[in-house]
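Here the structure is laid out as structure tokens; the discussion comes afterwards.
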Amino acid sequence: MMPTMPSTASNLRFEVWGSPIRHSRSPELHQAAYRVLGLDWTYRRQEVTEEQFPQDFSSLAPEVGGLSLTMPLKEVILGHVADHRGPVDLLHAANTAVKNADGWWLDNTDWWGAWRTLQDCGGTAHQKVWLLGAGATARAVVFALAEDRPEHLTLVVRSPERARITRVLGETLGLSLSVATFDDLPTEAADWVISTLPGGVAPEAPGLARQAHSAKLFDIAYDPWPSGLATAWQESPHPVVSGMSMLVYQALGQLRAFIQGDSQERLKRENEVLEAMWQAIGPTPGADVAQPSVEE
């Protein structure tokens, strides 16, 4: 069934939910897009914990047309909305909830945000990739990598048990994959290190800093910046990219869903929208090496 487009009536409200949420730059991104498109919509942050979610979601005001979801709510919402689209069920996570005339439906645009960011940096095809962490964001990255087909993916986690779901996903998608722990890293050099660890986390891992001599770093954290890993890469000759790029692109996917009912269908005036979103957040960490792109 084709998605039903949400209303473009004035005075709709959209929100980003999560905890903590004060650091989110999503309101700036979405409101910049609304201005370009002439939409009389608003977008705001809302602190919502996992415990608060059921009550807050069931009592949403009728003018709320959609939600952006951050942790810890990307998995929590799955049990409250039955209509799952895109790779939501495969990733067991949704970052986008859209309300239309038929009710609510879910999507995941994180994977596309990661994929677009990696493409801006030349992609990962035929390269060796280390992925730090194995949660919902890591699964989105694995899905993005499956579009690019790296030579090998190494999941780096604190214990192998933590990687089980993400490992199964990678294997299901046909990736060459192995699991390592921070205490026992491979000696072989990587071409990419991608971190999905929380902002400011720099794991004590013998051999991780040595990868700065060979690998590009994509640290999905963007607050605080520079992150601990970005600091470890400060003498590296290779690119360091923050999660701000992924944030912009996943937000663009959400805008497509909110406005057109399809996160993979381009917006009218999309290039103008994307440019306004980049301008709204100001200079982007890593932008000197990962130039934002537009699609023709």
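Scheme for the structure tokens: letters A, B, ... for chains in order shown; per-chain residue numbers from 1; ligand numbers from 1 in order shown.
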
(request) Determine, counting only C-alpha atoms, which protein, DNA and RNA residues have an atom within 10 Å of an atom of Met246 in chain A; residues of the same chain fewer than 3 positions away are not included. Present the result as a PyMOL selection string. (result) chain A and resi 109-118+218-222+241-243+249-252

Can I get the selection written as a short mmCIF file (atom, residue, chain, number, x, y, z; two decimals), in the first residue's frame, with N, CA and C atoms?
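Wrote it out as result25.cif, contents follow:
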```cif
data_model
loop_
_atom_site.label_atom_id
_atom_site.label_comp_id
_atom_site.auth_asym_id
_atom_site.auth_seq_id
_atom_site.Cartn_x
_atom_site.Cartn_y
_atom_site.Cartn_z
N THR A 109 15.34 6.47 9.16
CA THR A 109 16.17 7.21 8.21
C THR A 109 17.63 7.30 8.66
N ASP A 110 17.95 6.71 9.82
CA ASP A 110 19.33 6.75 10.30
C ASP A 110 20.29 6.08 9.32
N TRP A 111 19.87 4.94 8.76
CA TRP A 111 20.76 4.22 7.86
C TRP A 111 21.10 5.07 6.65
N TRP A 112 20.10 5.79 6.13
CA TRP A 112 20.32 6.62 4.94
C TRP A 112 21.23 7.81 5.27
N GLY A 113 21.06 8.36 6.49
CA GLY A 113 21.95 9.43 6.92
C GLY A 113 23.39 8.97 6.99
N ALA A 114 23.62 7.75 7.52
CA ALA A 114 24.98 7.20 7.57
C ALA A 114 25.51 6.94 6.18
N TRP A 115 24.67 6.39 5.30
CA TRP A 115 25.11 6.06 3.94
C TRP A 115 25.50 7.31 3.17
N ARG A 116 24.67 8.37 3.25
CA ARG A 116 25.00 9.61 2.55
C ARG A 116 26.30 10.22 3.06
N THR A 117 26.50 10.17 4.36
CA THR A 117 27.74 10.70 4.94
C THR A 117 28.95 9.94 4.41
N LEU A 118 28.88 8.63 4.41
CA LEU A 118 30.00 7.82 3.93
C LEU A 118 30.25 8.06 2.44
N PHE A 218 34.81 8.18 11.40
CA PHE A 218 33.45 8.71 11.38
C PHE A 218 32.88 8.49 12.77
N ASP A 219 32.87 9.56 13.58
CA ASP A 219 32.34 9.47 14.94
C ASP A 219 30.94 10.06 14.95
N ILE A 220 29.94 9.21 15.12
CA ILE A 220 28.56 9.64 15.00
C ILE A 220 28.16 10.59 16.12
N ALA A 221 28.92 10.62 17.19
CA ALA A 221 28.70 11.63 18.23
C ALA A 221 29.01 13.02 17.66
N TYR A 222 28.26 14.02 18.10
CA TYR A 222 28.58 15.40 17.71
C TYR A 222 28.52 16.36 18.89
N VAL A 241 35.25 12.81 10.61
CA VAL A 241 33.91 13.28 10.29
C VAL A 241 33.02 13.13 11.52
N SER A 242 32.30 14.17 11.87
CA SER A 242 31.40 14.09 13.02
C SER A 242 30.03 13.58 12.59
N GLY A 243 29.21 13.27 13.59
CA GLY A 243 27.86 12.81 13.32
C GLY A 243 26.92 13.89 12.85
N TYR A 249 21.38 14.51 7.17
CA TYR A 249 20.79 13.65 6.15
C TYR A 249 19.61 12.83 6.68
N GLN A 250 19.72 12.34 7.94
CA GLN A 250 18.57 11.60 8.46
C GLN A 250 17.38 12.54 8.66
N ALA A 251 17.66 13.81 9.01
CA ALA A 251 16.58 14.78 9.13
C ALA A 251 15.93 15.06 7.78
N LEU A 252 16.73 15.09 6.72
CA LEU A 252 16.18 15.27 5.38
C LEU A 252 15.24 14.12 5.04
#
```

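Residues lying within 8 Å of Leu131 in chain A, counting only C-alpha atoms and ignoring same-chain neighbours fewer than 2 positions away, are Val129, Gly133, Ala134, Ala138, Leu153, Thr154, Leu155, Val156, Val193, Ile194, Ser195 and Thr196 of chain A.
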
Please dump the current selection as an mmCIF file, in the first residue's frame; keep C-alpha atoms.
```cif
data_model
loop_
_atom_site.group_PDB
_atom_site.id
_atom_site.type_symbol
_atom_site.label_atom_id
_atom_site.label_comp_id
_atom_site.auth_asym_id
_atom_site.auth_seq_id
_atom_site.Cartn_x
_atom_site.Cartn_y
_atom_site.Cartn_z
ATOM 1 C CA VAL A 129 35.779 -1.219 8.435
ATOM 2 C CA GLY A 133 29.308 -0.455 19.397
ATOM 3 C CA ALA A 134 26.378 -2.696 18.517
ATOM 4 C CA ALA A 138 25.194 0.478 14.877
ATOM 5 C CA LEU A 153 33.435 -5.471 8.794
ATOM 6 C CA THR A 154 34.736 -5.924 12.330
ATOM 7 C CA LEU A 155 32.259 -5.260 15.137
ATOM 8 C CA VAL A 156 34.193 -3.987 18.163
ATOM 9 C CA VAL A 193 36.746 3.384 12.087
ATOM 10 C CA ILE A 194 33.066 4.203 12.668
ATOM 11 C CA SER A 195 32.000 4.869 16.242
ATOM 12 C CA THR A 196 28.419 4.668 17.509
#
```

(message) Considering only helix (DSSP H, G or I) as DSSP defines it on the backbone, what residues of range 57-279 of chain A qualify? List them as an NGL selection string.
(response) :A and (57-58 or 73-79 or 88-91 or 110-120 or 136-148 or 160-172 or 209-213 or 228-232 or 244-260 or 270-279)

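Between CA of Ala180 in chain A and CA of Leu145 in chain A there is a distance of 18.0 Å.
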
Out of range 18-248 of chain A, which residues get strand (DSSP E) from DSSP, as a tab-separated table (two decimals) with C-alpha atoms, in the first residue's frame?
```
chain	number	residue	atom	x	y	z
A	18	GLY	CA	14.40	11.45	23.82
A	42	THR	CA	6.74	24.31	14.27
A	43	TYR	CA	9.24	21.83	15.66
A	44	ARG	CA	10.46	21.54	19.24
A	45	ARG	CA	12.44	19.36	21.64
A	46	GLN	CA	10.60	17.30	24.23
A	47	GLU	CA	12.30	15.46	27.10
A	64	VAL	CA	1.23	16.90	16.24
A	65	GLY	CA	1.92	15.44	12.81
A	66	GLY	CA	5.10	13.52	13.49
A	67	LEU	CA	7.95	12.69	15.83
A	68	SER	CA	11.70	12.31	15.55
A	69	LEU	CA	12.97	9.73	18.05
A	83	ASP	CA	2.61	0.01	10.78
A	84	HIS	CA	6.38	-0.46	10.27
A	96	THR	CA	10.64	8.55	12.61
A	97	ALA	CA	6.92	8.43	13.44
A	98	VAL	CA	4.42	9.96	11.02
A	99	LYS	CA	0.70	10.57	11.53
A	100	ASN	CA	-1.66	10.64	8.58
A	103	GLY	CA	-3.02	6.72	11.91
A	104	TRP	CA	0.64	6.41	12.79
A	105	TRP	CA	3.43	4.67	10.87
A	106	LEU	CA	7.15	4.24	11.52
A	107	ASP	CA	10.30	4.53	9.43
A	128	LYS	CA	38.14	-2.79	5.92
A	129	VAL	CA	35.78	-1.22	8.43
A	130	TRP	CA	35.75	-1.29	12.24
A	131	LEU	CA	32.39	-0.47	13.80
A	132	LEU	CA	32.49	0.45	17.50
A	152	HIS	CA	35.27	-6.85	5.76
A	153	LEU	CA	33.44	-5.47	8.79
A	154	THR	CA	34.74	-5.92	12.33
A	155	LEU	CA	32.26	-5.26	15.14
A	156	VAL	CA	34.19	-3.99	18.16
A	157	VAL	CA	32.29	-4.41	21.44
A	177	LEU	CA	31.97	-9.95	9.34
A	178	SER	CA	33.80	-10.77	12.55
A	179	VAL	CA	33.55	-9.70	16.20
A	180	ALA	CA	36.36	-8.34	18.37
A	181	THR	CA	36.48	-6.85	21.85
A	192	TRP	CA	37.56	3.18	8.38
A	193	VAL	CA	36.75	3.38	12.09
A	194	ILE	CA	33.07	4.20	12.67
A	195	SER	CA	32.00	4.87	16.24
A	216	LYS	CA	39.36	7.61	8.37
A	217	LEU	CA	37.22	8.27	11.46
A	218	PHE	CA	33.45	8.71	11.38
A	219	ASP	CA	32.34	9.47	14.94
A	240	VAL	CA	37.67	12.95	10.74
A	241	VAL	CA	33.91	13.28	10.29
A	242	SER	CA	31.40	14.09	13.02
```

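Across A:Val141, A:Ala136, A:Leu39, A:Ala189, the tightest approach to Leu73 in chain A is made by A:Ala136 when counting only C-alpha atoms.
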
(request) Would you list the contacts of Leu229 in chain A as a ChimeraX atom specification, taking every protein, DNA or RNA residue within 7 Å and counting only C-alpha atoms, but skipping same-chain residues closer than 3 positions in sequence? (result) /A:202,232-233

(request) Just the residues within 12 Å of Glu270 in chain A, please, counting only C-alpha atoms, with nothing from its chain fewer than 4 positions along; format it as a ChimeraX atom specification. (result) /A:33-34,36-37,249,252-253,255-256,259,265-266,274-277,293-296

Writer output for current selection, N, CA, C and O atoms, as a CSV table (one decimal), in the first residue's frame:
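Output (part.csv):
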```csv
chain,number,residue,atom,x,y,z
A,33,ALA,N,14.1,24.1,7.0
A,33,ALA,CA,13.4,23.5,5.9
A,33,ALA,C,12.0,24.1,5.7
A,33,ALA,O,11.6,24.4,4.6
A,34,TYR,N,11.3,24.2,6.8
A,34,TYR,CA,10.0,24.8,6.8
A,34,TYR,C,10.0,26.2,6.1
A,34,TYR,O,9.1,26.6,5.4
A,36,VAL,N,12.1,27.5,4.0
A,36,VAL,CA,12.3,27.4,2.5
A,36,VAL,C,11.1,27.0,1.8
A,36,VAL,O,10.7,27.5,0.7
A,37,LEU,N,10.3,26.0,2.4
A,37,LEU,CA,9.1,25.5,1.7
A,37,LEU,C,7.9,26.3,2.0
A,37,LEU,O,6.8,25.9,1.5
A,249,TYR,N,21.4,14.5,7.2
A,249,TYR,CA,20.8,13.7,6.1
A,249,TYR,C,19.6,12.8,6.7
A,249,TYR,O,18.6,12.7,6.0
A,252,LEU,N,16.7,15.1,6.7
A,252,LEU,CA,16.2,15.3,5.4
A,252,LEU,C,15.2,14.1,5.0
A,252,LEU,O,14.2,14.3,4.5
A,253,GLY,N,15.6,12.9,5.4
A,253,GLY,CA,14.8,11.8,5.2
A,253,GLY,C,13.5,11.9,6.0
A,253,GLY,O,12.4,11.5,5.5
A,255,LEU,N,12.0,14.7,6.8
A,255,LEU,CA,11.2,15.7,6.2
A,255,LEU,C,10.5,15.2,5.0
A,255,LEU,O,9.3,15.5,4.8
A,256,ARG,N,11.1,14.3,4.2
A,256,ARG,CA,10.4,13.7,3.1
A,256,ARG,C,9.2,12.9,3.6
A,256,ARG,O,8.2,12.9,3.0
A,259,ILE,N,6.4,15.3,5.0
A,259,ILE,CA,5.8,16.2,3.9
A,259,ILE,C,5.2,15.4,2.8
A,259,ILE,O,4.1,15.7,2.4
A,265,GLU,N,11.5,9.5,-1.3
A,265,GLU,CA,11.1,10.4,-2.4
A,265,GLU,C,11.6,11.8,-2.2
A,265,GLU,O,11.3,12.4,-1.2
A,266,ARG,N,12.3,12.3,-3.2
A,266,ARG,CA,12.9,13.6,-3.1
A,266,ARG,C,11.8,14.7,-2.9
A,266,ARG,O,10.7,14.6,-3.5
A,274,LEU,N,18.3,21.4,1.6
A,274,LEU,CA,19.5,20.9,2.2
A,274,LEU,C,20.5,22.0,2.5
A,274,LEU,O,21.2,22.0,3.5
A,275,GLU,N,20.6,22.9,1.6
A,275,GLU,CA,21.6,24.0,1.8
A,275,GLU,C,21.2,24.9,3.0
A,275,GLU,O,22.0,25.3,3.8
A,276,ALA,N,19.9,25.1,3.1
A,276,ALA,CA,19.4,25.9,4.3
A,276,ALA,C,19.6,25.1,5.6
A,276,ALA,O,20.0,25.7,6.6
A,277,MET,N,19.5,23.8,5.6
A,277,MET,CA,19.8,23.0,6.8
A,277,MET,C,21.2,23.1,7.2
A,277,MET,O,21.6,23.2,8.4
A,293,SER,N,26.9,16.9,0.1
A,293,SER,CA,26.5,16.8,-1.3
A,293,SER,C,25.0,16.9,-1.5
A,293,SER,O,24.2,16.8,-0.6
A,294,VAL,N,24.6,17.2,-2.8
A,294,VAL,CA,23.2,17.2,-3.2
A,294,VAL,C,23.1,16.2,-4.3
A,294,VAL,O,24.0,15.9,-4.9
A,295,GLU,N,21.9,15.6,-4.4
A,295,GLU,CA,21.6,14.6,-5.4
A,295,GLU,C,21.0,15.3,-6.6
A,295,GLU,O,20.1,16.2,-6.4
A,296,GLU,N,21.4,14.9,-7.8
A,296,GLU,CA,20.8,15.5,-9.0
A,296,GLU,C,19.5,14.8,-9.3
A,296,GLU,O,19.3,13.7,-8.9
```

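Taking CA of Ala205 in chain A as the reference point, CA of Arg162 in chain A is found at 16.9 Å.
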
(message) Which residues are near Gly86 in chain A? Cut-off 10 Å, only C-alpha atoms, ignore same chain within fewer than 4 positions. Put them as a list in words.
(response) Leu90, Leu91, Ala94, Leu106, Asp107, Asn108, Thr109, Asp262, Ser263 and Gln264 of chain A

(message) I'd like the neighbourhood of Gln279 in chain A as a PyMOL selection string, where a residue qualifies if any of its atoms comes within 10 Å (using only C-alpha atoms), though same-chain residues fewer than 5 positions away should be ignored.
(response) chain A and resi 28-29+32+273-274+284
